Amino acid sequence: MRASQFFISTTKEAPSEAELVSHKLMLRAGLIKRLGSGLYTWMPLGLRVLRRVEAVVREEMNRAGAIELLMPAVQPAELWEESGRWAVFGPQMLKIKDRHQRDFCFGPTHEEVITDVARREIKSYRQLPVNFYQIQMKFRDEIRPRFGVMRAREFLMKDAYSFHASRESLVDTYNTMYDAYGRVFTRLGLKFRAVAADTGAIGGSGSHEFHVLADSGEDLLAYCPDSDYAANVELAEALAPTGARPAPAEPMREVDTPKQTTCEDVAALLGIPLARTVKLVAYVAGEHMAVALVRGDHEVNEVKLGKLPSMADLRLASEAEIREAFACPPGFLGPVGLDRTKIRVIADRSVAAMADFVCGANKPKFHLAGVNFGRDLPEPDVVADIRNVVPGDPSPDGKGTLALCRGIEVGHVFQLGNKYSQAMNATYLDEAGKSQTMEMGCYGIGVSRIVAAAIEQNHDERGIIWPQAMAPFLLVIVAIGYGKSDMVKTAADSLYADLTATGFDVLLDDRDERPGVMFADAELIGIPHRVTLGERGLKEGVVEYQPRRAHAGQSGEAQKIALADATAFLTGVMEG
RNA sequence: CGGGGUGUAGCGCAGUCUGGUAGCGCGCCUGCUUUGGGAGCAGGAUGUCGGAGGUUCGAAUCCUCUCACCCCGACCA
């Protein structure tokens, strides 16, 4: 591609709306343009990157035995009513009406449609297992779109759905997909981690998320450096403390805490470790109030809490509800003296093992110290793991301690089981001629999100540094004075022709720009390899090669190459 | 939805408090010079000041309403 015939629109400054590096760089490099909140045009350069990611995903899906199809983006409401998700999915789903006032949605996911395909097409166990996938634009009306294409409302996703005659077959395909995902992210040159995950609204049992590791990631991951344990903190188990609860040693007493409304403040005032305090968080589940007790240095995990019996639809209690139930403002709440017929007390395992702790007194400006279960208040109604793990917690697999890192979720694999097949009556005849419900799995990859995630992981102060597999162009030929110097033009055209003939995606920068502009653009756009041709070098018969980033066998510095050797050298470099 | 903020040229911003008819940088156009790291000089174009209504002799500026976008919290690839 010649730059003069392509469309490059770079800027020095990023629009102020961009927060994340990847978002800024994507806008500055002219990969995307914003149309509305969470809606982006993929400009020619950006589209090339998107297509590269797509190609790798497609190749690995095909290799793993998945079969590509393409389902409608717009789906009739009836299907969603069958699965029961029309109401459940909520405002996240963009609902639309056609001219006959019939309800449709712009597909946020395709379990319903694919299950409909399966139930119509699959009659016999002989047709199973089968794994369909598509790469398609989805729309989810996100509560808060942000970070450009990282959390856009319209986004490109690869979604695969497998159907099985047995649980074993499902697990088998699940493992195949898990491995394929690893290959996809490895080929894309990303540092990633697969973690055990919560299944969320989609439902099902076994589930793993694939995360690109980045400090800007929205997810917190727990992993064990000494083993292969890794899980989203939503799921990561905080083991119960070992050893029995100590016997009470202190009397319960009130302490003045005129301004101390947080555990941190109270601990500081009393000069005790934060881990000696207990914090109370009030929730409403259904009609009833429930309070979660965690240590002052811990945080409540609402995913875990929501899995406890009759806690499914929990929400934080409002301040008004708290004042009514406790006759006390937030900041001084505690578990002592509560009416247990109205308020359930759910304690984290670590709290249940505490003695002589400090907590709110349910009385403005006072806390209690030396509090003990069994003596000062009844034992908790429920003791469970309801907190987020923290660094240093023992690993649930018993092999060392946990560390935390942040990640960007770019892939998710689920064993769905028969949730959709049952609701939508997707059955087949088994060997005995008996009707059976299919087992299902589903497997997603956020294709457009990967582009942003890759930039988060691969950039410097000058711009993007594309991993080779997703670069819009592998090499840029910077031809200085292309329009002025026949020597440069001839050499550049010839090199470009040779390299293009070998099948590489090469950008020839033949624009009438100053060298600085061309260098700066090449670096901002992130093209992995650059060769510079100018009269100065050509007179000595040399060109200059410089990688965008130092990598194996190459330094980051420029090196002079004889023009005669350039094609062979550059070919070698691009083949990696 | 709750809390905070911003809308002025293609982009980044000043001007708003204290009303007087819009400016800076980048970009864009023309010419000359320049040509290995985002050029210099000279000239030029561009705004319904987010929208509607009001106050006023006069509104980017004050008032009311509205829309859009962004940031912080609850969802997800």
# chains A, B, ... in the order shown; residues from 1 in each chain; ligands from 1
>>> closest_atom_pairs(of="chain B", to="chain A", cutoff="12 Å", atoms="only C-alpha atoms (C1' of nucleotides)", output="CSV")
residue,atom,partner,partner_atom,distance
B:C1,C1',A:Ile143,CA,9.5
B:G2,C1',A:Ser318,CA,11.3
B:G5,C1',A:Glu17,CA,12.0
B:U6,C1',A:Glu17,CA,9.9
B:G10,C1',A:Thr11,CA,10.7
B:C11,C1',A:Pro15,CA,6.9
B:G12,C1',A:Glu13,CA,6.6
B:C13,C1',A:Ser16,CA,10.4
B:G25,C1',A:Glu13,CA,11.4
B:C26,C1',A:Lys12,CA,7.9
B:G27,C1',A:Thr11,CA,8.5
B:U34,C1',A:Arg514,CA,9.8
B:U35,C1',A:Arg514,CA,6.3
B:G36,C1',A:Pro515,CA,6.2
B:G37,C1',A:Gly516,CA,4.0
B:G38,C1',A:Val517,CA,4.9
B:A39,C1',A:Arg514,CA,8.0
B:A68,C1',A:Gly36,CA,9.3
B:C69,C1',A:Ser37,CA,7.7
B:C70,C1',A:Glu17,CA,5.8
B:C71,C1',A:Glu17,CA,9.2
B:C72,C1',A:Arg144,CA,11.3
B:G73,C1',A:Arg144,CA,10.8
B:A74,C1',A:Arg315,CA,8.9
B:C75,C1',A:Ile143,CA,6.6
B:C76,C1',A:Glu142,CA,8.1
B:A77,C1',A:Gly446,CA,4.1
>>> select_by_dssp(residues="range 383-575 of chain A", states="strand (DSSP E)", output="NGL selection string")
:A and (383-384 or 403-417 or 427-429 or 435-437 or 439-446 or 459-460 or 463-464 or 475-479 or 506-509 or 529-533 or 542-547 or 559-562)
>>> residues_around(residues="Gln101 in chain A", least_positions_apart="4", cutoff="12 Å", atoms="only C-alpha atoms (C1' of nucleotides)", output="PDB file with N, CA, C and O atoms, in the first residue's frame")
ATOM      1  N   PRO A  76     -35.922 -11.735  16.893  1.00  0.00           N
ATOM      2  CA  PRO A  76     -37.304 -11.569  17.354  1.00  0.00           C
ATOM      3  C   PRO A  76     -37.445 -11.819  18.849  1.00  0.00           C
ATOM      4  O   PRO A  76     -36.760 -12.668  19.411  1.00  0.00           O
ATOM      5  N   ALA A  77     -38.338 -11.084  19.472  1.00  0.00           N
ATOM      6  CA  ALA A  77     -38.531 -11.176  20.922  1.00  0.00           C
ATOM      7  C   ALA A  77     -38.987 -12.555  21.370  1.00  0.00           C
ATOM      8  O   ALA A  77     -38.644 -13.013  22.454  1.00  0.00           O
ATOM      9  N   LYS A  95     -33.869  -2.854  22.643  1.00  0.00           N
ATOM     10  CA  LYS A  95     -35.109  -3.403  22.105  1.00  0.00           C
ATOM     11  C   LYS A  95     -35.645  -2.465  21.036  1.00  0.00           C
ATOM     12  O   LYS A  95     -35.635  -1.248  21.211  1.00  0.00           O
ATOM     13  N   ILE A  96     -36.108  -3.043  19.938  1.00  0.00           N
ATOM     14  CA  ILE A  96     -36.607  -2.233  18.831  1.00  0.00           C
ATOM     15  C   ILE A  96     -37.905  -2.835  18.294  1.00  0.00           C
ATOM     16  O   ILE A  96     -38.184  -4.012  18.519  1.00  0.00           O
ATOM     17  N   LYS A  97     -38.665  -2.011  17.609  1.00  0.00           N
ATOM     18  CA  LYS A  97     -39.917  -2.485  17.017  1.00  0.00           C
ATOM     19  C   LYS A  97     -39.861  -2.313  15.510  1.00  0.00           C
ATOM     20  O   LYS A  97     -39.287  -1.349  15.012  1.00  0.00           O
TER      21      LYS A  97
END
>>> closest_residue(among="A:Ser485, A:Thr437, A:Ser227, A:Thr490", to="Ser395 in chain A", atoms="only C-alpha atoms")
A:Ser227
>>> decode(residues="range 2-37 of chain B", atoms="N, CA and C atoms (P, O5', C5', C4', C3', O3' and C1' of nucleotides)", output="short mmCIF file (atom, residue, chain, number, x, y, z; two decimals), in the first residue's frame")
data_model
loop_
_atom_site.label_atom_id
_atom_site.label_comp_id
_atom_site.auth_asym_id
_atom_site.auth_seq_id
_atom_site.Cartn_x
_atom_site.Cartn_y
_atom_site.Cartn_z
P G B 2 -31.34 10.33 39.17
"O5'" G B 2 -30.20 10.16 40.26
"C5'" G B 2 -30.54 9.90 41.61
"C4'" G B 2 -29.30 9.67 42.42
"C3'" G B 2 -28.24 10.75 42.32
"O3'" G B 2 -28.51 11.89 43.12
"C1'" G B 2 -27.22 8.66 42.04
P G B 3 -28.14 13.35 42.54
"O5'" G B 3 -26.56 13.41 42.74
"C5'" G B 3 -26.01 13.37 44.05
"C4'" G B 3 -24.51 13.25 43.99
"C3'" G B 3 -23.79 14.29 43.13
"O3'" G B 3 -23.64 15.54 43.77
"C1'" G B 3 -22.96 12.16 42.60
P G B 4 -23.65 16.90 42.85
"O5'" G B 4 -22.27 16.81 42.07
"C5'" G B 4 -21.06 17.21 42.70
"C4'" G B 4 -19.88 16.94 41.82
"C3'" G B 4 -19.72 17.83 40.59
"O3'" G B 4 -19.17 19.11 40.90
"C1'" G B 4 -19.39 15.59 39.96
P G B 5 -19.70 20.39 40.04
"O5'" G B 5 -19.07 20.17 38.60
"C5'" G B 5 -17.67 20.31 38.41
"C4'" G B 5 -17.25 19.73 37.10
"C3'" G B 5 -17.61 20.51 35.85
"O3'" G B 5 -16.78 21.64 35.65
"C1'" G B 5 -17.96 18.20 35.47
P U B 6 -17.34 22.89 34.82
"O5'" U B 6 -17.20 22.38 33.32
"C5'" U B 6 -15.94 21.95 32.82
"C4'" U B 6 -16.12 21.36 31.44
"C3'" U B 6 -16.85 22.24 30.45
"O3'" U B 6 -15.98 23.21 29.90
"C1'" U B 6 -17.72 20.05 30.33
P G B 7 -16.54 24.39 29.02
"O5'" G B 7 -16.76 23.61 27.68
"C5'" G B 7 -17.64 24.07 26.72
"C4'" G B 7 -17.92 22.98 25.72
"C3'" G B 7 -18.69 23.49 24.51
"O3'" G B 7 -18.42 22.69 23.38
"C1'" G B 7 -20.05 22.02 25.75
P U B 8 -17.26 23.16 22.40
"O5'" U B 8 -17.38 24.74 22.37
"C5'" U B 8 -18.39 25.37 21.59
"C4'" U B 8 -17.93 26.72 21.16
"C3'" U B 8 -16.60 26.75 20.42
"O3'" U B 8 -16.73 26.37 19.07
"C1'" U B 8 -16.56 28.41 22.07
P A B 9 -15.63 25.48 18.41
"O5'" A B 9 -15.27 26.26 17.07
"C5'" A B 9 -16.11 26.18 15.94
"C4'" A B 9 -15.28 25.99 14.70
"C3'" A B 9 -14.26 24.87 14.80
"O3'" A B 9 -14.09 24.26 13.53
"C1'" A B 9 -13.15 26.90 14.42
P G B 10 -15.16 23.22 13.03
"O5'" G B 10 -14.29 21.88 13.09
"C5'" G B 10 -14.82 20.62 12.73
"C4'" G B 10 -13.68 19.65 12.76
"C3'" G B 10 -12.95 19.58 14.09
"O3'" G B 10 -13.51 18.59 14.92
"C1'" G B 10 -11.40 20.01 12.36
P C B 11 -13.62 18.84 16.49
"O5'" C B 11 -12.12 18.67 16.99
"C5'" C B 11 -11.53 17.38 17.06
"C4'" C B 11 -10.12 17.50 17.57
"C3'" C B 11 -9.97 18.25 18.89
"O3'" C B 11 -10.25 17.45 20.02
"C1'" C B 11 -8.39 19.07 17.35
P G B 12 -10.79 18.16 21.33
"O5'" G B 12 -9.50 18.90 21.88
"C5'" G B 12 -8.38 18.16 22.34
"C4'" G B 12 -7.31 19.10 22.81
"C3'" G B 12 -7.77 20.13 23.84
"O3'" G B 12 -7.82 19.59 25.14
"C1'" G B 12 -6.52 21.21 22.16
P C B 13 -8.86 20.17 26.18
"O5'" C B 13 -8.88 21.73 25.88
"C5'" C B 13 -8.99 22.66 26.92
"C4'" C B 13 -8.16 23.88 26.61
"C3'" C B 13 -8.78 25.20 27.06
"O3'" C B 13 -8.58 25.44 28.44
"C1'" C B 13 -7.94 25.44 24.86
P A B 14 -9.70 26.18 29.27
"O5'" A B 14 -9.53 27.69 28.80
"C5'" A B 14 -8.37 28.40 29.23
"C4'" A B 14 -8.26 29.76 28.59
"C3'" A B 14 -9.32 30.80 28.91
"O3'" A B 14 -9.23 31.28 30.23
"C1'" A B 14 -8.61 31.00 26.67
P G B 15 -10.50 31.64 31.05
"O5'" G B 15 -11.19 32.76 30.15
"C5'" G B 15 -10.63 34.07 30.07
"C4'" G B 15 -11.38 34.88 29.05
"C3'" G B 15 -12.85 35.13 29.36
"O3'" G B 15 -13.01 36.24 30.21
"C1'" G B 15 -12.60 34.44 27.10
P U B 16 -13.50 36.01 31.74
"O5'" U B 16 -15.01 35.57 31.53
"C5'" U B 16 -15.96 36.49 31.01
"C4'" U B 16 -17.34 35.93 31.18
"C3'" U B 16 -17.72 35.57 32.62
"O3'" U B 16 -19.06 35.93 32.87
"C1'" U B 16 -17.91 33.65 31.24
P C B 17 -19.35 37.36 33.51
"O5'" C B 17 -18.96 37.12 35.03
"C5'" C B 17 -19.77 36.29 35.85
"C4'" C B 17 -19.04 35.99 37.13
"C3'" C B 17 -18.70 37.21 37.98
"O3'" C B 17 -19.79 37.59 38.78
"C1'" C B 17 -16.81 35.80 37.80
P U B 18 -19.84 39.05 39.33
"O5'" U B 18 -19.66 39.97 38.06
"C5'" U B 18 -20.18 41.30 38.07
"C4'" U B 18 -19.47 42.10 37.02
"C3'" U B 18 -19.42 41.46 35.64
"O3'" U B 18 -19.59 42.43 34.64
"C1'" U B 18 -17.22 41.90 36.40
P G B 19 -21.04 42.69 34.16
"O5'" G B 19 -21.08 41.83 32.83
"C5'" G B 19 -20.03 41.97 31.90
"C4'" G B 19 -20.45 41.40 30.58
"C3'" G B 19 -20.20 42.39 29.46
"O3'" G B 19 -19.75 41.70 28.32
"C1'" G B 19 -22.51 41.86 29.57
P G B 20 -18.35 42.13 27.67
"O5'" G B 20 -18.83 43.13 26.53
"C5'" G B 20 -19.68 42.66 25.49
"C4'" G B 20 -19.81 43.69 24.39
"C3'" G B 20 -18.51 44.43 24.03
"O3'" G B 20 -18.60 44.76 22.65
"C1'" G B 20 -20.12 45.98 24.74
P U B 21 -17.40 44.46 21.62
"O5'" U B 21 -17.97 43.36 20.64
"C5'" U B 21 -17.76 41.97 20.91
"C4'" U B 21 -18.59 41.12 19.98
"C3'" U B 21 -18.53 41.54 18.50
"O3'" U B 21 -18.68 40.40 17.69
"C1'" U B 21 -20.74 41.76 19.31
P A B 22 -17.49 39.81 16.81
"O5'" A B 22 -16.65 38.94 17.83
"C5'" A B 22 -15.71 39.56 18.71
"C4'" A B 22 -14.79 38.52 19.28
"C3'" A B 22 -13.88 37.84 18.25
"O3'" A B 22 -12.70 38.60 18.07
"C1'" A B 22 -14.89 36.22 19.67
P G B 23 -11.67 38.25 16.89
"O5'" G B 23 -10.67 37.22 17.58
"C5'" G B 23 -9.47 37.73 18.11
"C4'" G B 23 -8.91 36.80 19.14
"C3'" G B 23 -8.02 35.68 18.62
"O3'" G B 23 -6.75 36.16 18.21
"C1'" G B 23 -9.37 34.89 20.38
P C B 24 -5.81 35.32 17.24
"O5'" C B 24 -5.13 34.29 18.23
"C5'" C B 24 -4.22 34.74 19.22
"C4'" C B 24 -3.72 33.58 20.03
"C3'" C B 24 -3.18 32.40 19.24
"O3'" C B 24 -1.86 32.61 18.79
"C1'" C B 24 -4.62 31.61 20.94
P G B 25 -1.34 31.90 17.46
"O5'" G B 25 -1.11 30.40 17.92
"C5'" G B 25 -0.10 30.08 18.86
"C4'" G B 25 -0.16 28.60 19.20
"C3'" G B 25 -0.20 27.67 17.99
"O3'" G B 25 1.08 27.43 17.45
"C1'" G B 25 -1.87 27.03 19.54
P C B 26 1.21 27.08 15.91
"O5'" C B 26 0.52 25.64 15.78
"C5'" C B 26 1.16 24.46 16.26
"C4'" C B 26 0.23 23.28 16.17
"C3'" C B 26 -0.24 22.90 14.77
"O3'" C B 26 0.71 22.16 14.04
"C1'" C B 26 -2.08 22.90 16.24
P G B 27 0.85 22.37 12.46
"O5'" G B 27 -0.58 21.88 11.92
"C5'" G B 27 -0.92 20.50 11.93
"C4'" G B 27 -2.36 20.33 11.52
"C3'" G B 27 -2.72 20.86 10.13
"O3'" G B 27 -2.39 19.92 9.12
"C1'" G B 27 -4.31 21.61 11.69
P C B 28 -1.92 20.46 7.67
"O5'" C B 28 -3.24 21.19 7.15
"C5'" C B 28 -4.41 20.44 6.86
"C4'" C B 28 -5.49 21.36 6.32
"C3'" C B 28 -5.04 22.26 5.16
"O3'" C B 28 -5.10 21.58 3.93
"C1'" C B 28 -6.19 23.56 6.76
P C B 29 -3.94 21.82 2.84
"O5'" C B 29 -4.40 23.21 2.20
"C5'" C B 29 -5.61 23.30 1.46
"C4'" C B 29 -5.80 24.72 0.99
"C3'" C B 29 -4.59 25.35 0.32
"O3'" C B 29 -4.48 24.98 -1.04
"C1'" C B 29 -5.45 26.85 1.91
P U B 30 -3.01 24.83 -1.68
"O5'" U B 30 -2.60 26.36 -1.88
"C5'" U B 30 -3.38 27.21 -2.72
"C4'" U B 30 -2.73 28.56 -2.80
"C3'" U B 30 -1.21 28.55 -2.96
"O3'" U B 30 -0.81 28.34 -4.30
"C1'" U B 30 -1.80 30.09 -1.27
P G B 31 0.60 27.62 -4.59
"O5'" G B 31 1.64 28.77 -4.27
"C5'" G B 31 1.65 29.96 -5.03
"C4'" G B 31 2.61 30.96 -4.44
"C3'" G B 31 4.02 30.44 -4.18
"O3'" G B 31 4.81 30.44 -5.34
"C1'" G B 31 3.27 31.65 -2.29
P C B 32 5.98 29.32 -5.51
"O5'" C B 32 7.13 29.89 -4.58
"C5'" C B 32 7.86 31.04 -4.96
"C4'" C B 32 8.69 31.55 -3.81
"C3'" C B 32 9.72 30.57 -3.25
"O3'" C B 32 10.91 30.50 -4.02
"C1'" C B 32 8.54 31.55 -1.47
P U B 33 11.72 29.11 -4.10
"O5'" U B 33 12.34 28.97 -2.64
"C5'" U B 33 13.38 29.86 -2.23
"C4'" U B 33 13.62 29.73 -0.75
"C3'" U B 33 14.09 28.36 -0.26
"O3'" U B 33 15.47 28.13 -0.49
"C1'" U B 33 12.39 29.15 1.17
P U B 34 15.97 26.62 -0.70
"O5'" U B 34 15.56 25.89 0.65
"C5'" U B 34 16.26 26.16 1.86
"C4'" U B 34 15.65 25.40 3.00
"C3'" U B 34 15.74 23.88 2.89
"O3'" U B 34 17.01 23.42 3.32
"C1'" U B 34 13.54 24.49 3.53
P U B 35 17.69 22.23 2.51
"O5'" U B 35 16.91 20.95 3.03
"C5'" U B 35 16.82 20.68 4.44
"C4'" U B 35 15.90 19.50 4.65
"C3'" U B 35 16.38 18.24 3.93
"O3'" U B 35 16.21 17.11 4.76
"C1'" U B 35 14.15 18.76 3.30
P G B 36 17.52 16.57 5.56
"O5'" G B 36 16.79 15.23 6.02
"C5'" G B 36 15.70 15.31 6.95
"C4'" G B 36 15.95 14.34 8.08
"C3'" G B 36 17.26 14.60 8.80
"O3'" G B 36 17.13 14.21 10.16
"C1'" G B 36 17.28 12.45 7.87
P G B 37 16.49 15.21 11.22
"O5'" G B 37 14.98 14.73 11.04
"C5'" G B 37 13.91 15.67 10.99
"C4'" G B 37 13.00 15.44 12.16
"C3'" G B 37 13.58 15.88 13.50
"O3'" G B 37 12.53 16.35 14.33
"C1'" G B 37 13.06 13.59 13.58
#
